[in-house]
Structure formats: C-alpha cells, structure tokens
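Notes for the one structure printed next.
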Amino acid sequence: MPSDLSPASAALVDDLVTANHILFDQGVVDAFGHVSVRHDQDPERFLLARNMAPGNVQACDIVQHMHDGTPLDPGDRRVYLERFIHGAIYRARPDVMAVVHSHSPSVLPFTVVPHARFRPVCHMSGFLGAGAPRFEIRDSAGDASDLLVRDDRLGRALAASLGNAHFVLMRGHGSTTVAPSLKLAVYRAVYGEVNARLQLQALQLGEPEYLTAGEAEAAMSSTEGQVDRPWNLWKAAAQSRRHATSS
Ligand code: MN
C-alpha cells in the first residue's frame, strides 16, 4: 500500500491543471465548477483543486481527497463544498476515472423543464445515449435546500441518478459528466454544452430527429477514439490565451 500521501504522477497533475484551463477557456466553467481525476496510484483517492476558479489552478493547488470527501493534505487550503459529487461517483462507478461538474449555461434549461429531454442531436455527443438522466435534489434535501451537493448523502443520491450513464442533469443547478479518462471527461463536458446549444436551436425549428441508441453508441466509439485531437487543440488555445492575458 502506498503511504498516506503518495503523490500522483506529475503527468497526471499536469493534465488536471490543463483540464481546468481548457474547461474555462471553452466556456464550460466560469468562477465555479470543477474537474477531478482518480489518483493513478490509489483508486480510493481522487485529485481535485482547492476552492478556487478553475482558470487559475496550478499544480500546487491540487489536493488529494478520499471518496467520502475528506481532503488528505489540505494544509490551509479551503476545499470545494461540492467535492462529494466526485467522491460518491468514484465509489459507485469503478469504471470512472474523471468527473467534471459545471453550470454550463446552455445545458441549464434542460434541467428545469420537466418534460424536456437532453438527447444527442449529432455524432459528437453520442455519450448522451438515449438521453441524460436528471437528478432532483428535492427528493433528498427537501424544498428549502441551496441545491448544492454539500455532503456524502447527497453525493450518493446524485450517483444513483447518474446510474450507468455518462452525463447527469442537476435540476436548477447544472450537470456532471464522467468518463474513463480525464481527456474524455473534458471532451464530454465541452460537447455536452455544444449539444445543448444545437438542440435548443433545432427545437425552434420543430421536433428534432435524435440519434438512435445504436447510432449514439457507434458515434461515441468512433469520435471519442480521436480525443487527442481536440485535447491538443484546446490545450494550445488555452495556453496561448493565458500567455496573452498575462503579458
Ligand atoms: Mn455546482
């Protein structure tokens, strides 16, 4: 067993910092929202930034957490209130290696209209499958909560709503997406927001022809096999904008 604070690989920490910057640069997160990755030396832990805007995260801001949300090495760093989203999903889904939680604006309407379904309208978003499930926090927290997943019990309820899906809507709040790699979690978060924009536009024209479950599955494996292409592009774009704004 690794010692208590066995470090994750430097490459994984670097990629997590990059994921934070990409998600900000691509408009998925703003001051809020977060991305985590499962520790590559210990599957019982995950890596998540301290409580801060993702666009400003650096390697020194990454904190190890246990599945129950306990931070292992916080020092004087404050951690995210909603870290329980990540831990509960890693516990429930051994296949999940990375999680993105966001309030991306185009997805939000799909969380609040009871009969609206969030479904894939194009081949880039096959990960939405037959439609994203929706988490109703009122079922667990009553009708006067602040909508935040602020403890492990609410995290477990969210993970139950996610089930075996790759993307879950959170009513009046946002969404969470999961993937077998950090790059794919970022891809799904970006294309979840893109799909929401496209679906809202299509709905203005009429009832869309959505991907069938079979099309969604086939499209997911072919497009997601090329995830390095958008990752490298988005990484370069985020880096060049960071340099432009800091110079
Ligand atoms: Mn949130």
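Ordered as shown in the structure tokens, chains take letters A, B, and onward, while each chain numbers its residues from 1 and ligands are numbered from 1 in the order shown.
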Report task. For ligand 1, collect every residue having any atom at a distance of at most 7 Å from a ligand atom (counting only C-alpha atoms and all ligand atoms); output as a list of chain:residue names. Result -> A:Phe32, A:Gly33, A:Glu82, A:His101, A:Ser102, A:His103, A:Leu148, A:His173, A:Gly174
Gln58 in chain A surroundings by only C-alpha atoms, 10 Å radius, close-in-sequence under 5 positions cut, as a ChimeraX atom specification
/A:13-14,16-18,20-21,49-50
- Residue nearest Pro133 in chain A among A:Pro180, A:Gly172, A:Gly163, A:Pro109 (counting only C-alpha atoms):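 Smallest separation from Pro133 in chain A among the options: A:Gly163.
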Between A:Glu207, A:Asp95, A:Asp30, A:Asp68, single out the one closest to Ala53 in chain A, counting only C-alpha atoms.
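Closest residue, counting only C-alpha atoms: A:Asp30.
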Got a sec: who's within 7 Å of Arg38 in chain A, counting only C-alpha atoms, leaving out chain neighbours fewer than 2 positions off, as a list in words?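 Surrounding residues, per the criterion: Ser36, Asp40, Pro43, Arg45, Phe46, Leu47, Met97 and Ala98 of chain A.
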At a cut-off of 9 Å, using only C-alpha atoms, what residues contact Leu147 in chain A? Leave out same-chain residues fewer than 2 positions from it and give the result as a PDB file with N, CA and C atoms, in the first residue's frame.
ATOM      1  N   ILE A 137     -32.709  17.171  -6.566  1.00  0.00           N
ATOM      2  CA  ILE A 137     -32.158  17.225  -5.212  1.00  0.00           C
ATOM      3  C   ILE A 137     -33.265  17.341  -4.160  1.00  0.00           C
ATOM      4  N   ARG A 138     -34.449  17.844  -4.577  1.00  0.00           N
ATOM      5  CA  ARG A 138     -35.570  17.980  -3.652  1.00  0.00           C
ATOM      6  C   ARG A 138     -35.980  16.627  -3.047  1.00  0.00           C
ATOM      7  N   ALA A 141     -33.175  16.419  -0.327  1.00  0.00           N
ATOM      8  CA  ALA A 141     -32.836  17.563   0.534  1.00  0.00           C
ATOM      9  C   ALA A 141     -34.037  18.421   0.887  1.00  0.00           C
ATOM     10  N   ALA A 144     -36.187  23.376   0.582  1.00  0.00           N
ATOM     11  CA  ALA A 144     -35.564  24.638   1.010  1.00  0.00           C
ATOM     12  C   ALA A 144     -34.043  24.523   1.035  1.00  0.00           C
ATOM     13  N   SER A 145     -33.487  23.631   0.214  1.00  0.00           N
ATOM     14  CA  SER A 145     -32.019  23.488   0.190  1.00  0.00           C
ATOM     15  C   SER A 145     -31.414  24.566  -0.701  1.00  0.00           C
ATOM     16  N   VAL A 149     -24.595  20.013  -3.610  1.00  0.00           N
ATOM     17  CA  VAL A 149     -24.320  18.650  -3.148  1.00  0.00           C
ATOM     18  C   VAL A 149     -23.240  18.768  -2.076  1.00  0.00           C
ATOM     19  N   ARG A 150     -23.667  19.084  -0.855  1.00  0.00           N
ATOM     20  CA  ARG A 150     -22.721  19.506   0.171  1.00  0.00           C
ATOM     21  C   ARG A 150     -22.409  18.441   1.207  1.00  0.00           C
ATOM     22  N   MET A 170     -28.673  18.222 -13.362  1.00  0.00           N
ATOM     23  CA  MET A 170     -28.963  18.534 -11.955  1.00  0.00           C
ATOM     24  C   MET A 170     -29.944  19.697 -11.951  1.00  0.00           C
ATOM     25  N   ARG A 171     -31.151  19.447 -11.506  1.00  0.00           N
ATOM     26  CA  ARG A 171     -32.239  20.423 -11.652  1.00  0.00           C
ATOM     27  C   ARG A 171     -31.900  21.769 -10.994  1.00  0.00           C
ATOM     28  N   GLY A 172     -32.037  22.828 -11.795  1.00  0.00           N
ATOM     29  CA  GLY A 172     -31.808  24.174 -11.277  1.00  0.00           C
ATOM     30  C   GLY A 172     -30.365  24.465 -10.914  1.00  0.00           C
ATOM     31  N   HIS A 173     -29.427  23.687 -11.425  1.00  0.00           N
ATOM     32  CA  HIS A 173     -28.056  23.770 -10.960  1.00  0.00           C
ATOM     33  C   HIS A 173     -27.048  23.603 -12.114  1.00  0.00           C
TER      34      HIS A 173
END
Each residue of range 53-78 of chain A with at least one atom at most 12 Å from range 91-94 of chain A should appear once, together with its nearest atom pair and the corresponding distance in Å (one decimal); atoms considered: only C-alpha atoms; ordering: chain, then increasing residue number; output as a Markdown table.
| residue | atom | partner | partner_atom | distance |
| --- | --- | --- | --- | --- |
| A:Met66 | CA | A:Arg91 | CA | 9.7 |
| A:His67 | CA | A:Arg91 | CA | 6.2 |
| A:Asp68 | CA | A:Arg91 | CA | 8.6 |
| A:Gly69 | CA | A:Arg91 | CA | 10.9 |
Quiz item: Which residue, A:Val63, A:Ala8, A:Ala244, A:Val186, has the smallest gap to Phe24 in chain A when you use only C-alpha atoms?
Solution: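 Smallest distance to Phe24 in chain A is found for A:Val186.
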From CA of Arg153 in chain A to CA of Arg134 in chain A the spacing works out at 17.1 Å
With only C-alpha atoms as the atoms that count, which of A:Val190, A:Val96, A:Leu108, A:Ala219 lies nearest to Trp231 in chain A?
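Checking each of A:Val190, A:Val96, A:Leu108, A:Ala219 against Trp231 in chain A, counting only C-alpha atoms, the winner is A:Val190.
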CA of Ser104 in chain A sits from CA of Leu23 in chain A at a separation of 10.0 Å
Practice problem: Within 10 Å of Gly192 in chain A, counting only C-alpha atoms, which residues show up once you throw out same-chain ones fewer than 2 positions away? Write them as number ranges by chain, please. | Solution: A: 28, 104, 106-107, 118-120, 124-128, 167, 175-177, 186-190, 194-198
Report the residues of range 74-137 of chain A whose backbone DSSP state falls under strand (DSSP E), written as a list of chain:residue names.
->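 Taking range 74-137 of chain A and keeping strand (DSSP E) gives A:Ala98, A:Val99, A:Val100, A:His101, A:Ser102, A:Arg134, A:Phe135.
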Restricting the calculation to only C-alpha atoms: of A:Val168, A:Ile85, A:Ala132, A:Val29, which residue gets closest to Pro105 in chain A?
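Using only C-alpha atoms, Pro105 in chain A sits closest to A:Val29.
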